[in-house]
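As provided, target-v1.txt (compact mmCIF, C-alpha atoms) reads as follows.
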```
# COMPACT_ATOMS: atom_id res chain seq x y z
CA MET C 155 112.83 77.50 86.35
CA THR C 156 116.43 78.72 86.23
CA ARG C 157 117.67 81.10 88.93
CA ALA C 158 118.63 84.50 87.58
CA VAL C 159 119.83 87.95 88.58
CA ILE C 160 118.75 91.04 86.65
CA ILE C 161 121.49 93.65 86.24
CA THR C 162 120.92 97.11 84.80
CA GLY C 163 123.78 99.07 83.29
CA ALA C 164 125.33 95.76 82.28
CA ALA C 165 127.40 97.22 79.44
CA GLY C 166 129.76 99.24 81.66
CA GLY C 167 132.79 98.19 83.67
CA ILE C 168 130.97 97.55 86.94
CA GLY C 169 128.03 96.03 85.05
CA ALA C 170 130.29 93.53 83.27
CA ALA C 171 131.95 92.59 86.57
CA LEU C 172 128.50 92.08 88.12
CA CYS C 173 127.50 89.76 85.27
CA GLU C 174 130.68 87.73 85.66
CA ARG C 175 130.30 87.46 89.45
CA MET C 176 126.63 86.45 89.26
CA ARG C 177 127.52 83.74 86.77
CA HIS C 178 130.30 82.58 89.11
CA ASP C 179 127.72 82.44 91.92
CA GLY C 180 125.52 80.13 89.86
CA TYR C 181 122.94 82.52 88.42
CA VAL C 182 121.95 83.42 84.88
CA ALA C 183 123.04 87.03 84.42
CA ILE C 184 120.33 89.03 82.64
CA GLY C 185 121.85 92.31 81.48
CA ILE C 186 119.74 95.37 80.72
CA ASP C 187 121.35 98.33 78.97
CA ARG C 188 120.71 100.50 75.95
CA ASN C 189 124.09 99.32 74.66
CA PRO C 190 125.14 95.71 73.97
CA SER C 191 126.15 93.78 77.11
CA PRO C 192 128.41 90.93 76.00
CA ALA C 193 129.23 89.87 79.57
CA ALA C 194 125.59 88.95 80.23
CA ASP C 195 124.11 85.52 79.56
CA LYS C 196 120.96 87.21 78.27
CA GLU C 197 121.33 90.79 77.05
CA LEU C 198 118.34 93.08 76.62
CA GLN C 199 118.76 96.48 75.01
CA VAL C 200 116.25 98.68 76.82
CA ASP C 201 116.19 102.40 77.57
CA LEU C 202 116.01 102.76 81.36
CA ARG C 203 114.13 106.04 80.97
CA LYS C 204 111.06 104.11 79.77
CA SER C 205 109.43 103.05 83.02
CA ASP C 206 106.36 101.38 81.49
CA GLU C 207 108.59 99.15 79.37
CA LEU C 208 110.62 98.18 82.43
CA ILE C 209 107.50 97.16 84.36
CA GLU C 210 106.41 94.91 81.49
CA LEU C 211 109.92 93.55 81.05
CA GLY C 212 110.03 92.70 84.75
CA ARG C 213 106.78 90.78 84.43
CA THR C 214 108.04 88.89 81.41
CA LEU C 215 111.29 87.90 83.11
CA ALA C 216 109.38 86.89 86.24
CA SER C 217 107.40 84.44 84.12
CA GLU C 218 110.57 82.86 82.71
CA TYR C 219 113.02 82.75 85.65
CA ARG C 220 113.29 82.37 89.39
CA ILE C 221 114.67 85.81 90.17
CA LYS C 222 117.12 85.90 93.06
CA ALA C 223 117.98 89.58 92.79
CA VAL C 224 117.57 92.81 90.91
CA VAL C 225 120.83 94.80 90.84
CA HIS C 226 120.35 98.37 89.69
CA ASN C 227 123.66 99.64 88.38
CA GLY C 228 122.48 101.79 85.48
CA ALA C 229 123.07 105.54 85.82
CA VAL C 230 123.57 108.75 83.92
CA GLN C 231 125.79 111.59 85.10
CA PRO C 232 124.99 114.97 83.54
CA ILE C 233 127.91 117.35 83.89
CA ALA C 234 126.22 120.57 84.99
CA ARG C 235 126.07 122.86 87.99
CA ALA C 236 123.15 123.78 90.24
CA GLY C 237 120.87 126.17 88.39
CA GLU C 238 122.44 125.18 85.08
CA THR C 239 121.17 121.59 84.74
CA SER C 240 118.57 121.32 81.99
CA LEU C 241 115.13 119.92 82.74
CA THR C 242 115.82 117.11 80.28
CA ASP C 243 118.96 116.14 82.19
CA TRP C 244 117.10 116.32 85.50
CA PHE C 245 114.28 114.10 84.25
CA ASP C 246 116.66 111.61 82.63
CA ALA C 247 118.74 111.34 85.82
CA LEU C 248 115.66 110.78 87.95
CA ARG C 249 114.20 108.19 85.59
CA VAL C 250 117.41 106.23 85.07
CA ASN C 251 119.12 106.55 88.45
CA VAL C 252 116.08 106.15 90.71
CA ILE C 253 112.75 105.37 89.06
CA ALA C 254 114.08 102.52 86.89
CA VAL C 255 114.66 100.22 89.86
CA ASP C 256 111.20 100.93 91.26
CA ALA C 257 109.69 100.06 87.88
CA LEU C 258 111.59 96.76 87.72
CA ILE C 259 110.48 95.88 91.25
CA SER C 260 106.89 96.60 90.25
CA GLY C 261 107.13 93.83 87.69
CA THR C 262 109.21 91.34 89.68
CA CYS C 263 108.27 91.72 93.36
CA GLU C 264 106.06 88.64 93.61
CA ASN C 265 108.76 86.48 92.04
CA LEU C 266 111.45 87.97 94.29
CA ALA C 267 109.31 87.39 97.38
CA ALA C 268 108.80 83.76 96.43
CA ASN C 269 112.54 83.19 95.98
CA ASP C 270 114.02 84.83 99.09
CA GLY C 271 115.05 87.64 96.79
CA SER C 272 117.08 90.80 97.20
CA VAL C 273 117.38 94.20 95.62
CA VAL C 274 120.80 95.84 95.54
CA VAL C 275 121.30 99.31 94.08
CA ILE C 276 124.67 100.75 93.14
CA GLY C 277 124.73 104.17 94.73
CA SER C 278 127.78 106.38 95.04
CA VAL C 279 129.82 108.24 97.61
CA HIS C 280 128.52 111.30 95.74
CA GLY C 281 125.22 110.68 97.50
CA ARG C 282 126.93 111.71 100.75
CA ALA C 283 129.88 113.94 99.86
CA THR C 284 130.38 115.34 96.41
CA SER C 285 132.12 117.89 94.23
CA GLY C 286 130.83 120.69 92.04
CA GLY C 287 129.36 120.23 88.60
CA VAL C 288 127.38 116.98 89.07
CA THR C 289 124.28 118.30 90.81
CA ALA C 290 121.70 115.95 89.27
CA TYR C 291 123.92 112.89 89.75
CA ALA C 292 124.68 113.66 93.41
CA THR C 293 121.02 114.44 94.13
CA THR C 294 119.70 111.26 92.55
CA LYS C 295 122.29 109.09 94.28
CA ALA C 296 121.24 110.59 97.62
CA ALA C 297 117.61 109.95 96.68
CA LEU C 298 118.48 106.35 95.84
CA GLU C 299 119.64 105.76 99.43
CA GLY C 300 116.31 107.14 100.63
CA TRP C 301 114.53 104.73 98.30
CA VAL C 302 116.54 101.84 99.76
CA ARG C 303 115.47 102.67 103.30
CA SER C 304 111.82 103.06 102.35
CA ALA C 305 111.70 100.01 100.08
CA ALA C 306 113.36 97.91 102.79
CA MET C 307 110.34 98.65 105.00
CA ASP C 308 107.77 98.20 102.24
CA LEU C 309 109.12 94.90 100.90
CA ALA C 310 110.07 93.22 104.20
CA PRO C 311 110.16 90.53 105.36
CA GLU C 312 110.21 88.63 102.06
CA ILE C 313 112.60 90.87 100.11
CA ARG C 314 115.76 92.53 101.40
CA VAL C 315 116.85 95.87 99.95
CA ASN C 316 120.38 97.27 100.24
CA ALA C 317 122.87 99.51 98.50
CA VAL C 318 126.55 99.54 97.64
CA ALA C 319 128.15 102.98 97.44
CA PRO C 320 131.40 102.81 95.48
CA GLY C 321 134.09 105.44 95.49
CA ALA C 322 136.59 105.74 92.62
CA ILE C 323 136.51 102.53 90.60
CA ASP C 324 138.82 101.81 87.66
CA THR C 325 136.34 101.82 84.79
CA ALA C 326 136.38 103.28 81.29
CA LYS C 327 134.13 106.08 82.50
CA LEU C 328 136.58 107.05 85.25
CA ARG C 329 139.49 106.97 82.80
CA GLU C 330 137.53 109.16 80.38
CA GLY C 331 136.97 111.63 83.19
CA PHE C 332 140.68 111.83 83.93
CA ALA C 333 141.50 112.16 80.24
CA ARG C 334 139.71 115.51 80.17
CA TRP C 335 142.51 116.92 82.32
CA GLY C 336 145.09 116.23 79.61
CA GLU C 337 148.68 116.38 80.82
CA SER C 338 147.64 116.81 84.47
CA ALA C 339 145.54 113.61 84.44
CA GLU C 340 148.17 111.41 86.12
CA GLU C 341 148.84 114.02 88.75
CA ARG C 342 145.15 114.11 89.61
CA ARG C 343 145.02 110.30 89.76
CA ALA C 344 147.93 110.40 92.20
CA VAL C 345 146.09 112.91 94.40
CA LEU C 346 143.02 110.66 94.38
CA ARG C 347 145.09 107.64 95.40
CA GLU C 348 146.80 109.64 98.14
CA ARG C 349 143.50 110.84 99.60
CA THR C 350 142.14 107.30 99.71
CA ALA C 351 143.08 105.44 102.89
CA LEU C 352 144.09 102.30 100.99
CA HIS C 353 146.13 104.41 98.51
CA ARG C 354 144.62 102.93 95.36
CA ILE C 355 141.62 103.05 93.04
CA GLY C 356 139.11 100.23 93.38
CA GLU C 357 138.39 97.43 90.92
CA PRO C 358 134.94 96.64 89.45
CA SER C 359 135.24 93.10 90.83
CA GLU C 360 135.38 94.52 94.36
CA VAL C 361 132.01 96.20 93.88
CA ALA C 362 130.64 92.96 92.46
CA GLY C 363 131.96 91.08 95.50
CA ALA C 364 130.07 93.41 97.83
CA VAL C 365 126.89 92.85 95.85
CA SER C 366 127.42 89.10 95.97
CA PHE C 367 127.69 89.28 99.75
CA LEU C 368 124.48 91.31 100.10
CA ILE C 369 122.56 88.88 97.90
CA GLY C 370 123.87 85.82 99.72
CA ASP C 371 122.81 83.99 102.86
CA ASP C 372 125.54 85.56 105.00
CA ALA C 373 123.65 88.86 104.70
CA ARG C 374 120.18 87.48 105.43
CA PHE C 375 119.79 89.79 108.49
CA ILE C 376 120.83 92.91 106.55
CA THR C 377 118.29 95.21 104.92
CA GLY C 378 117.99 98.96 104.47
CA ALA C 379 121.78 99.26 104.66
CA VAL C 380 124.41 101.01 102.55
CA LEU C 381 127.78 99.27 102.20
CA VAL C 382 130.44 101.84 101.30
CA VAL C 383 133.18 100.47 99.02
CA ASP C 384 135.55 103.41 98.64
CA GLY C 385 138.88 102.37 100.12
CA GLY C 386 138.26 104.67 103.08
CA ALA C 387 138.01 107.87 101.00
CA THR C 388 134.93 109.23 102.77
CA ALA C 389 136.35 108.37 106.19
CA ARG C 390 138.92 111.11 105.72
CA LEU C 391 138.20 114.53 107.24
CA GLY C 392 137.80 116.91 104.33
CA SER C 393 139.57 119.76 106.10
CA GLU C 394 142.61 117.61 106.94
```

Encoding of this model in structure tokens:
Amino acid sequence: MTRAVIITGAAGGIGAALCERMRHDGYVAIGIDRNPSPAADKELQVDLRKSDELIELGRTLASEYRIKAVVHNGAVQPIARAGETSLTDWFDALRVNVIAVDALISGTCENLAANDGSVVVIGSVHGRATSGGVTAYATTKAALEGWVRSAAMDLAPEIRVNAVAPGAIDTAKLREGFARWGESAEERRAVLRERTALHRIGEPSEVAGAVSFLIGDDARFITGAVLVVDGGATARLGSE
């Protein structure tokens, strides 16, 4: 059977870069998203909130491919403060950002174990240091790191489990966020660049490169780890 990597959130900027990098690395890129994912070799439009469907989908894919990795990139980011986030937004964030990867592993773990497989989740620096107004997103990204540590123990030694935590990455979603600031958008982008040690915003391909490393043989003694890809932003003392 053909070797493949399953990528959730394949329709976005990072998701498309992941599909391209996995193809470059010699895998079939299977993209899962509720929106079309043209960068994937095989695109599946599935709602990540539907855990039962993801379990069955994982089983189906495991019967058709040799799965090298599951890369969970899909996420939702409700814009709401603590005490003001609706229950629907809380449940959606938990299902999409955290539970979806567990459901996919439920359906694919035997195949992954047989193929020296890996799981890589795309977390966020917001799981460690955040800003106001994204309570559910920050909470679920922190929970995702906890899942990585626990799953690394549960699935060892056959399957490695790691995370990549990006900082500001130049995607359509980031640009949309800046656009909300109107005329002050460029000024805010400049502040972000200045507060990042490398003085720039990251590229989706750089996140994909980190994932490629964690999947590959050079990382075969790495599990339960979080690789921060933020240009040094979180290394900076906040009170500086």

Q. Could you tell me, as a ChimeraX atom specification, which residues have any atom at most 10 Å from (114.0, 102.6, 79.6), counting all atoms listed in the file?
A. /C:186-188,199-209,246,249-250,253-254,257

Q. Given the choices C:Glu357, C:Leu328, C:Thr289, C:Val380, which gets closest to Ala306 (chain C) if the distance is worked out from only C-alpha atoms?
A. C:Val380

Q: Go through C:Ala297, C:Ile369, C:Ala236, C:Ile323 and flag the residue nearest Val383 (chain C), using only C-alpha atoms for the distances.
A: C:Ile323

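Compared by their closest atoms to Pro190 (chain C), and using all atoms listed in the file, the residues C:Ala170, C:Ala364, C:Ala268, C:Met176 rank with C:Ala170 nearest.
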
Q | Among listed residues C:Arg282, C:Arg343, C:Arg213, C:His353, nearest Ser260 (chain C) (using only C-alpha atoms) | A |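 Looking at the shortest contact to Ser260 (chain C), the residue is C:Arg213.
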
Q: Neighbourhood query: residues within 10 Å of (131.4, 89.8, 87.0), file coordinates, counting all atoms listed in the file; return as a list in words.
A: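 Protein and nucleic acid residues near the point are Ala164, Gly167, Ile168, Gly169, Ala170, Ala171, Leu172, Cys173, Glu174, Arg175, Met176, Arg177, His178, Asp179, Ala183, Ala193, Ala194, Pro358, Ser359, Glu360, Val361, Ala362, Gly363 and Ser366 of chain C.
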
Distance query Ala305 (chain C) at most 9 Å, only C-alpha atoms, self and fewer than 4 positions along chain excluded, as a compact mmCIF listing (two decimals) with C-alpha atoms, in the coordinates of the input:
```
# COMPACT_ATOMS: atom_id res chain seq x y z
CA ASP C 256 111.20 100.93 91.26
CA GLY C 300 116.31 107.14 100.63
CA TRP C 301 114.53 104.73 98.30
CA LEU C 309 109.12 94.90 100.90
CA ALA C 310 110.07 93.22 104.20
CA ARG C 314 115.76 92.53 101.40
CA VAL C 315 116.85 95.87 99.95
CA GLY C 378 117.99 98.96 104.47
```

Q) For Ile259 (chain C), which residue out of C:Ile376, C:Ala387, C:Val279, C:Val274 is the nearest one, using only C-alpha atoms? A)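 Closest to Ile259 (chain C), using only C-alpha atoms: C:Val274.
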
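Here CA of Gln231 (chain C) is placed at a distance of 8.7 Å from CA of Asp243 (chain C).
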
Q: Find the residue from C:Gly385, C:Gly166, C:Gly370, C:Gly392 that sits nearest to Tyr181 (chain C); use only C-alpha atoms when measuring.
A: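 For Tyr181 (chain C), the nearest of the given residues is C:Gly370.
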
Q) If we count all atoms listed in the file, what is near Glu218 (chain C) at a cut-off of 10 Å, once residues fewer than 5 positions away on the same chain are taken out, given as a PyMOL selection string? A) chain C and resi 155-158+213

Q: Within 7 Å of Leu381 (chain C), counting all atoms listed in the file, which residues show up once you throw out same-chain ones fewer than 3 positions away? Write them as an MDAnalysis selection string, please.
A: chainID C and resid 317:319

Q | Pairwise distance for CA of Thr350 (chain C) and CA of Leu391 (chain C), rounded to one decimal in Å | A |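 Separating CA of Thr350 (chain C) from CA of Leu391 (chain C) is a distance of 11.2 Å.
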
Q.
If I take CA of Leu346 (chain C) and CA of Asn227 (chain C), how far is one from the other in Å, to one decimal?
A.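 Rounded to one decimal, the two atoms are 23.1 Å apart.
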
With all atoms of region 208-211 of chain C from the file as input, state the centre and edge lengths in Å to one decimal of the axis-aligned box that has 3 Å extra on each side, as JSON.
```
{"center_x": 108.5, "center_y": 95.9, "center_z": 82.7, "size_x": 10.2, "size_y": 10.6, "size_z": 9.3}
```
